[in-house]
$ cat input.txt   # compact mmCIF, C-alpha atoms and all ligand atoms
# COMPACT_ATOMS: atom_id res chain seq x y z
CA MET R 26 -32.50 33.62 71.76
CA ALA R 27 -33.79 30.54 73.29
CA MET R 28 -32.41 28.60 70.37
CA LYS R 29 -29.14 30.46 70.55
CA LYS R 30 -29.07 29.97 74.17
CA LYS R 31 -29.91 26.34 73.59
CA SER R 32 -27.42 25.94 70.76
CA ILE R 33 -24.69 27.62 72.70
CA LYS R 34 -25.49 25.98 76.00
CA LYS R 35 -25.83 22.42 74.73
CA PRO R 36 -22.44 22.11 73.04
CA ALA R 37 -20.88 23.95 75.92
CA LYS R 38 -22.48 21.59 78.34
CA LYS R 39 -21.49 18.66 76.14
CA ALA R 40 -17.98 19.93 75.86
CA ALA R 41 -17.86 20.66 79.54
CA LYS R 42 -19.14 17.16 80.23
CA LYS R 43 -16.59 15.71 77.81
CA VAL R 44 -13.80 17.70 79.38
CA ALA R 45 -15.01 16.77 82.80
CA LYS R 46 -15.26 13.14 81.75
CA LYS R 47 -11.85 13.30 80.14
CA THR R 48 -10.33 15.21 82.99
CA SER R 49 -11.83 13.04 85.63
CA ALA R 50 -10.92 9.90 83.69
CA LYS R 51 -7.44 11.28 83.24
CA SER R 52 -7.08 12.29 86.83
CA VAL R 53 -8.58 9.03 88.04
CA LYS R 54 -6.18 7.22 85.74
CA LYS R 55 -3.37 9.41 87.01
CA VAL R 56 -4.29 8.83 90.62
CA ALA R 57 -4.74 5.14 89.97
CA ASN R 58 -1.40 5.01 88.19
CA LYS R 59 0.25 6.85 91.03
CA ALA R 60 -1.30 4.54 93.58
CA ALA R 61 -0.38 1.48 91.56
CA LYS R 62 3.17 2.73 91.21
CA LYS R 63 3.33 3.40 94.94
CA THR R 64 1.99 -0.06 95.76
CA ALA R 65 4.32 -1.64 93.24
CA LYS R 66 7.22 0.22 94.78
CA LYS R 67 6.12 -0.96 98.22
CA VAL R 68 5.79 -4.54 97.03
CA VAL R 69 9.13 -4.38 95.26
CA LYS R 70 10.67 -2.88 98.37
CA LYS R 71 9.15 -5.62 100.49
CA ALA R 72 9.77 -8.54 98.23
CA SER R 73 12.71 -7.53 96.10
CA PRO R 74 15.78 -9.61 96.61
CA LYS R 75 17.80 -6.47 97.08
CA ALA R 76 15.64 -5.27 99.94
CA ALA R 77 15.62 -8.67 101.54
CA VAL R 78 19.35 -9.05 101.25
CA THR R 79 20.66 -5.67 102.10
CA ASN R 80 17.80 -4.04 104.01
CA SER R 81 18.97 -0.47 104.36
CA GLY R 82 22.60 -1.50 104.67
CA SER R 83 25.09 -1.66 101.86
CA ASP R 84 26.84 -4.62 100.27
CA LYS R 85 30.02 -3.37 101.92
CA ASP R 86 28.36 -3.53 105.36
CA LEU R 87 27.25 -7.07 104.61
CA GLU R 88 30.72 -8.13 103.52
CA THR R 89 32.19 -6.59 106.68
CA SER R 90 29.77 -8.67 108.78
CA LEU R 91 30.58 -11.84 106.85
CA VAL R 92 34.34 -11.31 107.14
CA GLU R 93 33.93 -10.80 110.89
CA LEU R 94 31.90 -14.02 111.05
CA ILE R 95 34.77 -15.84 109.33
CA ARG R 96 37.39 -14.27 111.61
CA VAL R 97 35.56 -15.21 114.81
CA THR R 98 34.70 -18.71 113.59
CA SER R 99 38.31 -19.37 112.64
CA ALA R 100 39.82 -18.04 115.87
CA GLU R 101 37.30 -18.76 118.63
CA LEU R 102 35.46 -21.90 119.62
CA PRO R 103 31.84 -21.33 120.60
CA ASP R 104 31.10 -21.36 124.36
CA ASP R 105 29.24 -24.70 124.34
CA VAL R 106 32.24 -26.42 122.72
CA GLN R 107 34.76 -24.78 125.05
CA LYS R 108 32.70 -25.93 128.02
CA VAL R 109 32.75 -29.62 127.05
CA ILE R 110 36.48 -29.43 126.26
CA LEU R 111 37.22 -28.03 129.74
CA GLU R 112 35.00 -30.72 131.28
CA ALA R 113 36.94 -33.36 129.34
CA LEU R 114 40.24 -31.92 130.58
CA ALA R 115 38.99 -32.06 134.17
CA ARG R 116 38.01 -35.72 133.70
CA GLU R 117 41.40 -36.93 132.53
CA GLU R 118 43.79 -38.35 135.09
CA LYS R 119 46.66 -36.12 136.13
CA ASN R 120 50.05 -36.53 134.48
CA THR R 121 48.77 -38.72 131.68
CA THR R 122 49.32 -38.23 127.96
CA ALA R 123 45.59 -37.65 127.66
CA GLU R 124 45.73 -34.77 130.16
CA TYR R 125 48.78 -33.39 128.34
CA ALA R 126 46.93 -33.50 125.02
CA MET R 127 43.88 -31.79 126.48
CA ASN R 128 46.08 -29.10 128.05
CA ILE R 129 47.66 -28.41 124.66
CA ILE R 130 44.21 -28.13 123.13
CA LYS R 131 43.18 -25.71 125.89
CA ALA R 132 46.32 -23.60 125.41
CA ASN R 133 45.70 -23.56 121.65
CA ILE R 134 42.16 -22.32 122.14
CA GLU R 135 43.28 -19.51 124.47
CA LEU R 136 46.18 -18.43 122.25
CA ALA R 137 44.11 -18.36 119.05
CA LYS R 138 41.45 -16.22 120.70
CA LYS R 139 44.01 -13.84 122.22
CA LYS R 140 45.94 -13.38 118.98
CA SER R 141 42.86 -13.60 116.74
CA GLN R 142 44.58 -16.27 114.70
CA PRO R 143 43.23 -19.50 113.21
CA LEU R 144 42.78 -22.25 115.83
CA CYS R 145 44.36 -24.77 113.49
CA GLN R 146 46.59 -24.45 110.44
CA ASP R 147 43.90 -26.33 108.51
CA THR R 148 41.06 -23.84 108.30
CA GLY R 149 39.03 -26.51 106.57
CA THR R 150 36.16 -26.63 104.16
CA VAL R 151 34.17 -23.41 104.39
CA LEU R 152 30.50 -24.29 104.83
CA PHE R 153 27.88 -21.56 104.93
CA TYR R 154 24.25 -22.14 105.94
CA VAL R 155 21.97 -19.21 105.13
CA TYR R 156 18.43 -19.01 106.54
CA HIS R 157 16.43 -16.36 104.72
CA PRO R 158 12.91 -15.02 104.06
CA VAL R 159 10.92 -15.33 100.84
CA GLY R 160 12.15 -13.06 98.04
CA PHE R 161 15.79 -13.33 98.96
CA ASN R 162 18.43 -12.98 96.25
CA GLN R 163 20.58 -16.07 96.62
CA THR R 164 22.70 -15.24 93.56
CA LYS R 165 23.70 -11.90 94.97
CA PHE R 166 24.30 -13.29 98.44
CA THR R 167 26.51 -16.02 97.01
CA LYS R 168 28.66 -13.37 95.34
CA LEU R 169 28.96 -11.43 98.58
CA ILE R 170 29.92 -14.58 100.49
CA GLU R 171 32.59 -15.30 97.88
CA ASN R 172 33.94 -11.77 98.19
CA SER R 173 34.10 -12.14 101.96
CA VAL R 174 35.95 -15.46 101.64
CA VAL R 175 38.53 -13.81 99.37
CA THR R 176 38.99 -10.93 101.83
CA ALA R 177 39.20 -13.30 104.83
CA THR R 178 41.84 -15.37 103.00
CA LYS R 179 43.88 -12.27 102.22
CA LYS R 180 43.67 -11.22 105.86
CA GLY R 181 44.89 -14.65 106.99
CA TYR R 182 41.66 -15.74 108.71
CA LEU R 183 41.52 -18.64 106.24
CA ARG R 184 44.44 -20.63 104.87
CA GLN R 185 44.73 -20.85 101.08
CA ASN R 186 43.03 -24.18 101.22
CA SER R 187 41.05 -24.92 98.09
CA VAL R 188 42.67 -26.75 95.19
CA ASP R 189 41.54 -27.97 91.79
CA SER R 190 40.77 -31.67 92.20
CA LEU R 191 42.38 -32.66 88.90
CA THR R 192 45.43 -30.43 88.66
CA GLY R 193 46.00 -29.72 92.36
CA GLU R 194 46.28 -26.04 91.50
CA ASN R 195 45.51 -23.72 94.40
CA SER R 196 43.27 -20.78 93.54
CA GLY R 197 44.92 -18.89 96.42
CA VAL R 198 41.63 -17.32 97.44
CA ASN R 199 39.57 -20.34 98.48
CA LEU R 200 37.22 -20.11 95.51
CA GLY R 201 36.43 -22.81 92.97
CA PRO R 202 33.69 -25.23 91.97
CA GLY R 203 31.90 -26.30 95.20
CA HIS R 204 33.90 -24.00 97.44
CA PRO R 205 32.83 -22.33 99.62
CA SER R 206 29.95 -24.71 100.13
CA ILE R 207 26.78 -22.65 100.51
CA HIS R 208 23.45 -24.07 101.66
CA PHE R 209 20.34 -21.87 101.49
CA HIS R 210 17.25 -22.54 103.56
CA GLN R 211 14.11 -20.42 103.10
CA HIS R 212 12.11 -19.90 106.28
CA ALA R 213 8.90 -18.16 107.32
CA SER R 214 10.68 -15.55 109.43
CA ASN R 215 11.95 -12.16 108.18
CA LYS R 216 15.29 -12.79 109.80
CA ILE R 217 18.48 -13.45 107.87
CA GLU R 218 20.75 -15.79 109.76
CA VAL R 219 24.12 -16.97 108.51
CA LYS R 220 25.87 -19.93 110.09
CA LEU R 221 29.40 -20.95 109.27
CA MET R 222 31.28 -24.17 109.86
CA LEU R 223 34.98 -24.69 109.14
CA LYS R 224 35.54 -28.42 108.84
CA GLY R 225 39.08 -29.73 108.83
CA GLY R 226 40.32 -32.31 106.34
CA GLY R 227 41.61 -34.79 108.93
CA CYS R 228 38.22 -35.19 110.56
CA GLU R 229 36.43 -35.16 107.20
CA ASN R 230 38.57 -38.14 106.16
CA VAL R 231 37.19 -40.31 108.96
CA GLY R 232 33.55 -39.66 108.11
CA ALA R 233 31.78 -42.83 107.00
CA GLN R 234 28.63 -44.11 105.39
CA TYR R 235 27.18 -47.55 106.08
CA SER R 236 24.49 -49.43 104.24
CA LEU R 237 22.40 -51.64 106.52
CA PRO R 238 22.17 -54.53 107.01
CA HIS R 239 25.92 -54.85 107.59
CA THR R 240 26.64 -58.55 107.95
CA ALA R 241 30.23 -58.28 109.18
CA LEU R 242 29.16 -56.02 112.05
CA GLY R 243 25.95 -57.92 112.71
CA ALA R 244 24.10 -54.64 112.21
CA GLY R 245 20.47 -54.91 111.13
CA ARG R 246 18.03 -52.27 109.98
CA ASP R 247 17.12 -50.97 113.43
CA LEU R 248 18.48 -48.62 116.07
CA ASP R 249 20.75 -51.30 117.44
CA GLY R 250 22.23 -51.72 113.96
CA VAL R 251 22.68 -47.95 113.80
CA ARG R 252 24.45 -48.02 117.17
CA LYS R 253 26.82 -50.74 115.96
CA VAL R 254 27.92 -48.95 112.82
CA ILE R 255 28.40 -45.61 114.62
CA LEU R 256 30.64 -47.30 117.18
CA ASP R 257 32.52 -49.00 114.34
CA ALA R 258 33.19 -45.58 112.81
CA VAL R 259 34.45 -44.28 116.17
CA HIS R 260 36.71 -47.29 116.50
CA LYS R 261 38.12 -46.86 113.00
CA ALA R 262 38.74 -43.13 113.58
CA GLN R 263 41.03 -43.71 116.54
CA GLY R 264 44.31 -41.87 116.29
CA LYS R 265 42.99 -39.93 113.28
CA GLY R 266 40.68 -36.98 112.97
CA CYS R 267 42.09 -35.11 115.99
CA GLY R 268 39.78 -36.28 118.75
CA PRO R 269 38.06 -35.86 121.03
CA GLY R 270 35.44 -35.30 118.41
CA VAL R 271 31.75 -34.73 117.87
CA LEU R 272 29.63 -36.87 115.57
CA GLY R 273 26.84 -35.70 113.30
CA VAL R 274 24.76 -38.65 112.15
CA CYS R 275 21.89 -39.10 109.74
CA ILE R 276 19.80 -42.25 109.60
CA GLY R 277 18.19 -42.72 106.19
CA GLY R 278 17.93 -40.40 103.22
CA ASP R 279 19.80 -41.18 100.02
CA ARG R 280 23.60 -41.17 100.10
CA GLY R 281 23.94 -37.49 99.24
CA ALA R 282 21.17 -36.17 101.49
CA GLY R 283 22.44 -38.34 104.34
CA TYR R 284 25.88 -36.75 104.35
CA ILE R 285 24.47 -33.22 104.06
CA GLU R 286 22.08 -33.84 106.95
CA SER R 287 24.78 -35.44 109.11
CA LYS R 288 26.88 -32.28 108.74
CA GLU R 289 23.92 -30.05 109.54
CA GLN R 290 23.55 -31.96 112.81
CA LEU R 291 26.85 -30.38 113.77
CA LEU R 292 25.09 -27.00 113.76
CA ARG R 293 23.22 -28.06 116.89
CA ARG R 294 24.58 -26.97 120.27
CA VAL R 295 26.55 -29.70 122.01
CA ASP R 296 24.37 -29.37 125.11
CA ASP R 297 20.96 -29.57 123.43
CA THR R 298 18.59 -32.52 123.75
CA ASN R 299 17.14 -34.34 120.77
CA SER R 300 13.37 -33.90 120.60
CA HIS R 301 13.01 -37.54 119.55
CA SER R 302 13.35 -39.58 122.73
CA ASP R 303 14.83 -42.70 121.07
CA LEU R 304 17.45 -40.62 119.26
CA ALA R 305 18.15 -38.62 122.43
CA GLY R 306 18.82 -41.90 124.24
CA LEU R 307 21.04 -43.16 121.42
CA GLU R 308 23.08 -39.94 121.39
CA ILE R 309 23.86 -40.32 125.09
CA GLU R 310 24.60 -44.01 124.75
CA ILE R 311 27.04 -43.47 121.86
CA VAL R 312 29.01 -40.86 123.82
CA GLU R 313 29.09 -42.94 127.01
CA THR R 314 30.11 -46.15 125.23
CA SER R 315 32.74 -44.39 123.09
CA ASN R 316 34.29 -42.82 126.16
CA LYS R 317 34.74 -46.26 127.68
CA LEU R 318 36.72 -47.51 124.67
CA GLY R 319 39.93 -45.97 126.02
CA ILE R 320 40.79 -44.28 122.71
CA GLY R 321 41.04 -40.83 124.33
CA PRO R 322 42.26 -37.45 123.05
CA MET R 323 44.29 -37.79 119.84
CA GLY R 324 44.13 -41.55 120.33
CA PHE R 325 46.58 -41.35 123.28
CA GLY R 326 44.24 -43.29 125.57
CA GLY R 327 42.05 -41.65 128.20
CA LYS R 328 38.50 -40.96 129.17
CA THR R 329 37.26 -38.71 126.42
CA THR R 330 36.92 -40.02 122.88
CA LEU R 331 33.74 -38.14 122.02
CA LEU R 332 32.48 -34.77 123.21
CA GLY R 333 29.05 -35.23 121.70
CA CYS R 334 26.86 -37.04 119.20
CA LYS R 335 23.92 -35.58 117.28
CA ILE R 336 21.58 -37.82 115.33
CA SER R 337 18.62 -37.19 113.05
CA ALA R 338 16.60 -39.28 110.61
CA LEU R 339 15.38 -38.69 107.06
CA ASN R 340 12.90 -40.79 105.18
CA ARG R 341 14.44 -43.51 103.04
CA LEU R 342 13.41 -45.95 100.34
CA PRO R 343 12.26 -49.35 101.59
CA ALA R 344 15.22 -50.80 99.66
CA SER R 345 17.87 -48.63 101.36
CA PHE R 346 19.01 -47.96 104.92
CA PHE R 347 22.03 -45.66 105.07
CA VAL R 348 23.73 -44.34 108.16
CA SER R 349 25.89 -41.32 107.32
CA ILE R 350 28.43 -40.11 109.84
CA SER R 351 30.32 -36.81 109.84
CA TYR R 352 33.14 -36.52 112.33
CA MET R 353 34.18 -33.13 113.71
CA CYS R 354 37.55 -32.73 115.43
CA TRP R 355 38.14 -30.84 118.69
CA ALA R 356 38.64 -27.70 116.57
CA TYR R 357 34.88 -27.55 116.24
CA ARG R 358 34.60 -24.21 114.52
CA ARG R 359 31.06 -23.07 113.98
CA GLN R 360 29.43 -19.73 114.56
CA GLY R 361 26.41 -17.86 113.35
CA ILE R 362 25.04 -14.36 113.10
CA GLU R 363 21.70 -12.67 112.71
CA LEU R 364 21.92 -9.68 110.40
CA GLY R 365 20.37 -6.38 111.45
CA SER R 366 18.54 -3.90 109.22
CA LYS R 367 21.81 -2.22 108.23
CA ASN R 368 23.52 -5.55 107.60
CA GLU R 369 25.37 -5.22 110.86
CA ILE R 370 25.83 -8.21 113.17
CA LYS R 371 22.74 -7.94 115.34
CA LYS R 372 23.31 -11.10 117.32
CA TRP R 373 25.77 -13.99 117.62
CA LEU R 374 23.97 -17.31 117.50
CA TYR R 375 26.30 -19.51 119.60
S1 LIG I 401 41.33 -32.48 111.90
FE1 LIG I 401 40.84 -30.58 112.93
S2 LIG I 401 42.40 -30.25 114.48
FE2 LIG I 401 43.10 -31.84 113.08
S3 LIG I 401 44.39 -30.75 111.62
FE3 LIG I 401 42.34 -30.88 110.74
S4 LIG I 401 41.30 -29.03 111.41
FE4 LIG I 401 43.12 -29.23 112.65
$ encode --input "input.txt" --output "structure tokens"
Amino acid sequence: MAMKKKSIKKPAKKAAKKVAKKTSAKSVKKVANKAAKKTAKKVVKKASPKAAVTNSGSDKDLETSLVELIRVTSAELPDDVQKVILEALAREEKNTTAEYAMNIIKANIELAKKKSQPLCQDTGTVLFYVYHPVGFNQTKFTKLIENSVVTATKKGYLRQNSVDSLTGENSGVNLGPGHPSIHFHQHASNKIEVKLMLKGGGCENVGAQYSLPHTALGAGRDLDGVRKVILDAVHKAQGKGCGPGVLGVCIGGDRGAGYIESKEQLLRRVDDTNSHSDLAGLEIEIVETSNKLGIGPMGFGGKTTLLGCKISALNRLPASFFVSISYMCWAYRRQGIELGSKNEIKKWLY
């Protein structure tokens, strides 16, 4: 009996142990798998491009927000720009051509906003600047931006403005190699911010890049040399580029980076102050000196040639010293939005 008992009990115990071991291993594995899956899902949700791009909103919601950003940018000047334009109008002497020109600009601004129509027939190069968190799907966002540009063009917020450089053929929807121009910047924040600049062709044409030293202008490789070449660019732009304008300037960098940075300076508010004291001083000096040149609005003479000047510096090679200047006309169209969790416009940035 004892043996039977033993012989029965032992295998049973063994089997029970085995089952228990198996079961517990299985269930532990199951639980572990479940937990791992859950964590993976969480991580994917947190870090996946889709989650970062769309949050809980849909692609359609995002496109709606982007189209609205384009509409507002095209039809309404930001408050800081409107303010300096009105100040410039107040400065001009009464019954002069300069005052007349500024009054037309003012009327244009009011009419475009009222009718929600483009401020200028040239809706310009479409430049997007996207500031996004880690794990953001740039490929998908690019597609959504392109869709929104097509929709905005069909709605008339953008002119059919992008042509093939070799054949001159117009795509009709503002899409093609390099257009729209999209610049992505990853940042530490969870926010997704989208800034948009519409930069007209006339003002783009009077942008300039100088390599210092510049013997003809007596401009050396120092801030005084920088001042001289910027003023030379202002002088050369007179009567072109639809002034009064705003300058974005980059000291240094290579040729390509310099131009990109000079344009990004135009994303700054007109009324901000440069954190670098020397550059802050130079910005003020350039505006004050330019406004004494008598070039005035549209080159008609007058007191306002520049509404602002924004300067930054990038490192350069010892062998190079470039000064890159981007000129923005009075139709200084830039806006920005912060996207909410449902891809709605949570906040306007200007
Ligand atoms: S330079 Fe500016 S204001 Fe002049 S036509 Fe072009 S977009 Fe319009």
$ closest_atom_pairs --input "input.txt" --of "chain R" --to "ligand LIG 401 (chain I)" --cutoff "7 Å" --atoms "all atoms listed in the file" --output "CSV"
residue,atom,partner,partner_atom,distance
R:Cys145,CA,I:LIG401,FE4,4.7
R:Gln146,CA,I:LIG401,FE4,6.3
R:Asp147,CA,I:LIG401,S4,4.7
R:Thr148,CA,I:LIG401,S4,6.1
R:Gly149,CA,I:LIG401,S4,5.9
R:Lys224,CA,I:LIG401,S4,6.3
R:Gly225,CA,I:LIG401,S4,3.5
R:Gly226,CA,I:LIG401,FE3,5.0
R:Gly227,CA,I:LIG401,S1,3.8
R:Cys228,CA,I:LIG401,S1,4.3
R:Gly266,CA,I:LIG401,S1,4.7
R:Cys267,CA,I:LIG401,FE2,4.5
R:Cys354,CA,I:LIG401,FE1,4.7
R:Trp355,CA,I:LIG401,S2,6.0
R:Ala356,CA,I:LIG401,S2,5.0
$ residues_near_point --input "input.txt" --point "(27.1, -39.6, 110.5)" --cutoff "8 Å" --atoms "all atoms listed in the file" --output "list in words"
Gly232, Ala233, Gln234, Ile255, Leu272, Gly273, Val274, Cys275, Ile276, Gly283, Tyr284, Ser287, Lys288, Ile336, Val348, Ser349, Ile350, Ser351 and Tyr352 of chain R
$ write_last_selection --input "input.txt" --atoms "C-alpha atoms" --output "compact mmCIF listing (two decimals), in the frame of the given file"
# COMPACT_ATOMS: atom_id res chain seq x y z
CA GLY R 232 33.55 -39.66 108.11
CA ALA R 233 31.78 -42.83 107.00
CA GLN R 234 28.63 -44.11 105.39
CA ILE R 255 28.40 -45.61 114.62
CA LEU R 272 29.63 -36.87 115.57
CA GLY R 273 26.84 -35.70 113.30
CA VAL R 274 24.76 -38.65 112.15
CA CYS R 275 21.89 -39.10 109.74
CA ILE R 276 19.80 -42.25 109.60
CA GLY R 283 22.44 -38.34 104.34
CA TYR R 284 25.88 -36.75 104.35
CA SER R 287 24.78 -35.44 109.11
CA LYS R 288 26.88 -32.28 108.74
CA ILE R 336 21.58 -37.82 115.33
CA VAL R 348 23.73 -44.34 108.16
CA SER R 349 25.89 -41.32 107.32
CA ILE R 350 28.43 -40.11 109.84
CA SER R 351 30.32 -36.81 109.84
CA TYR R 352 33.14 -36.52 112.33
$ atom_distance --input "input.txt" --atom1 "atom CA of Arg280 of chain R" --atom2 "atom CA of Arg293 of chain R"
21.3 Å
$ axis_aligned_box --input "input.txt" --around "segment 186-191 of chain R" --padding-each-side "4 Å" --output "AutoDock Vina command-line options"
--center_x 41.9 --center_y -28.4 --center_z 95.1 --size_x 10.3 --size_y 16.5 --size_z 20.3
$ residues_around --input "input.txt" --residues "Gly321 of chain R" --least-positions-apart "3" --cutoff "9 Å" --atoms "all atoms listed in the file" --output "JSON, numbers by chain"
{"R": [123, 263, 264, 268, 269, 316, 317, 318, 324, 325, 326, 327, 328, 329, 330, 331]}
$ closest_residue --input "input.txt" --among "R:Thr192, R:Ser315, R:Asn133, R:Thr89" --to "Leu256 of chain R" --atoms "all atoms listed in the file"
R:Ser315
$ closest_residue --input "input.txt" --among "R:Ile311, R:Leu87, R:Cys334, R:Ala344" --to "Val295 of chain R" --atoms "all atoms listed in the file"
R:Cys334
$ residues_around --input "input.txt" --residues "Asn215 of chain R" --least-positions-apart "6" --cutoff "10 Å" --atoms "all atoms listed in the file" --output "ChimeraX atom specification"
/R:77,156-159
$ closest_residue --input "input.txt" --among "R:Gly365, R:Ile134, R:Pro205, R:Ile170" --to "Lys108 of chain R" --atoms "all atoms listed in the file"
R:Ile134
$ closest_residue --input "input.txt" --among "R:Leu364, R:Leu339, R:Leu307, R:Leu191" --to "Asp249 of chain R" --atoms "only C-alpha atoms"
R:Leu307
$ closest_residue --input "input.txt" --among "R:Arg359, R:Lys261, R:His239, R:Lys119" --to "Val97 of chain R" --atoms "only C-alpha atoms"
R:Arg359
$ closest_residue --input "input.txt" --among "R:Thr240, R:Ser190, R:Thr121, R:Gln360" --to "Leu152 of chain R" --atoms "all atoms listed in the file"
R:Gln360
$ atom_distance --input "input.txt" --atom1 "atom CA of Arg341 of chain R" --atom2 "atom CA of Ala241 of chain R"
22.5 Å
$ atom_distance --input "input.txt" --atom1 "atom CA of Asn368 of chain R" --atom2 "atom CA of Glu218 of chain R"
10.8 Å
$ residues_around --input "input.txt" --residues "Leu304 of chain R" --least-positions-apart "3" --cutoff "10 Å" --atoms "all atoms listed in the file" --output "list in words"
Leu248, Thr298, Asn299, Ser300, His301, Leu307, Glu308, Ile309, Glu310, Lys335, Ile336, Ser337 and Ala338 of chain R
$ closest_atom_pairs --input "input.txt" --of "segment 151-185 of chain R" --to "segment 195-198 of chain R" --cutoff "10 Å" --atoms "all atoms listed in the file" --output "tab-separated table"
residue	atom	partner	partner_atom	distance
R:Glu171	CA	R:Val198	CA	9.3
R:Asn172	CA	R:Val198	CA	9.5
R:Val174	CA	R:Val198	CA	7.3
R:Val175	CA	R:Val198	CA	5.1
R:Thr176	CA	R:Val198	CA	8.2
R:Ala177	CA	R:Val198	CA	8.8
R:Thr178	CA	R:Val198	CA	5.9
R:Lys179	CA	R:Val198	CA	7.3
R:Leu183	CA	R:Val198	CA	8.9
R:Arg184	CA	R:Val198	CA	8.6
R:Gln185	CA	R:Gly197	CA	5.1
$ residues_around --input "input.txt" --residues "Ile207 of chain R" --least-positions-apart "3" --cutoff "9 Å" --atoms "all atoms listed in the file" --output "PDB file with C-alpha atoms, in the frame of the given file"
ATOM      1  CA  VAL R 151      34.170 -23.410 104.390  1.00  0.00           C
ATOM      2  CA  LEU R 152      30.500 -24.290 104.830  1.00  0.00           C
ATOM      3  CA  PHE R 153      27.880 -21.560 104.930  1.00  0.00           C
ATOM      4  CA  TYR R 154      24.250 -22.140 105.940  1.00  0.00           C
ATOM      5  CA  VAL R 155      21.970 -19.210 105.130  1.00  0.00           C
ATOM      6  CA  THR R 167      26.510 -16.020  97.010  1.00  0.00           C
ATOM      7  CA  ILE R 170      29.920 -14.580 100.490  1.00  0.00           C
ATOM      8  CA  GLY R 203      31.900 -26.300  95.200  1.00  0.00           C
ATOM      9  CA  HIS R 204      33.900 -24.000  97.440  1.00  0.00           C
TER      10      HIS R 204
END
$ decode --input "input.txt" --residues "segment 317-331 of chain R" --atoms "N, CA and C atoms" --output "PDB file, in the first residue's frame"
ATOM      1  N   LYS R 317      17.332 107.188 -43.641  1.00  0.00           N
ATOM      2  CA  LYS R 317      17.826 108.543 -43.941  1.00  0.00           C
ATOM      3  C   LYS R 317      18.292 108.647 -45.395  1.00  0.00           C
ATOM      4  N   LEU R 318      18.237 107.526 -46.131  1.00  0.00           N
ATOM      5  CA  LEU R 318      18.728 107.546 -47.516  1.00  0.00           C
ATOM      6  C   LEU R 318      17.750 108.222 -48.474  1.00  0.00           C
ATOM      7  N   GLY R 319      16.500 108.400 -48.016  1.00  0.00           N
ATOM      8  CA  GLY R 319      15.509 109.076 -48.862  1.00  0.00           C
ATOM      9  C   GLY R 319      14.933 108.200 -49.964  1.00  0.00           C
ATOM     10  N   ILE R 320      15.139 106.896 -49.866  1.00  0.00           N
ATOM     11  CA  ILE R 320      14.602 105.984 -50.898  1.00  0.00           C
ATOM     12  C   ILE R 320      13.071 105.905 -50.767  1.00  0.00           C
ATOM     13  N   GLY R 321      12.618 105.636 -49.539  1.00  0.00           N
ATOM     14  CA  GLY R 321      11.180 105.668 -49.235  1.00  0.00           C
ATOM     15  C   GLY R 321      10.365 104.524 -49.817  1.00  0.00           C
ATOM     16  N   PRO R 322       9.043 104.539 -49.502  1.00  0.00           N
ATOM     17  CA  PRO R 322       8.141 103.479 -49.970  1.00  0.00           C
ATOM     18  C   PRO R 322       8.142 103.373 -51.489  1.00  0.00           C
ATOM     19  N   MET R 323       8.296 102.189 -51.984  1.00  0.00           N
ATOM     20  CA  MET R 323       8.322 101.902 -53.433  1.00  0.00           C
ATOM     21  C   MET R 323       9.402 102.682 -54.175  1.00  0.00           C
ATOM     22  N   GLY R 324      10.328 103.271 -53.443  1.00  0.00           N
ATOM     23  CA  GLY R 324      11.380 104.057 -54.081  1.00  0.00           C
ATOM     24  C   GLY R 324      10.913 105.449 -54.481  1.00  0.00           C
ATOM     25  N   PHE R 325       9.763 105.909 -53.948  1.00  0.00           N
ATOM     26  CA  PHE R 325       9.202 107.211 -54.317  1.00  0.00           C
ATOM     27  C   PHE R 325       9.797 108.353 -53.494  1.00  0.00           C
ATOM     28  N   GLY R 326      10.785 108.062 -52.686  1.00  0.00           N
ATOM     29  CA  GLY R 326      11.310 109.063 -51.753  1.00  0.00           C
ATOM     30  C   GLY R 326      10.494 108.994 -50.472  1.00  0.00           C
ATOM     31  N   GLY R 327      11.050 109.521 -49.375  1.00  0.00           N
ATOM     32  CA  GLY R 327      10.296 109.492 -48.122  1.00  0.00           C
ATOM     33  C   GLY R 327      11.136 108.989 -46.967  1.00  0.00           C
ATOM     34  N   LYS R 328      10.452 108.832 -45.845  1.00  0.00           N
ATOM     35  CA  LYS R 328      11.186 108.567 -44.603  1.00  0.00           C
ATOM     36  C   LYS R 328      11.328 107.089 -44.236  1.00  0.00           C
ATOM     37  N   THR R 329      10.575 106.250 -44.910  1.00  0.00           N
ATOM     38  CA  THR R 329      10.689 104.828 -44.528  1.00  0.00           C
ATOM     39  C   THR R 329      11.148 103.959 -45.698  1.00  0.00           C
ATOM     40  N   THR R 330      12.372 103.497 -45.591  1.00  0.00           N
ATOM     41  CA  THR R 330      12.916 102.564 -46.586  1.00  0.00           C
ATOM     42  C   THR R 330      12.883 101.149 -46.008  1.00  0.00           C
ATOM     43  N   LEU R 331      13.196 101.059 -44.726  1.00  0.00           N
ATOM     44  CA  LEU R 331      13.161  99.752 -44.043  1.00  0.00           C
ATOM     45  C   LEU R 331      12.219  99.810 -42.840  1.00  0.00           C
TER      46      LEU R 331
END
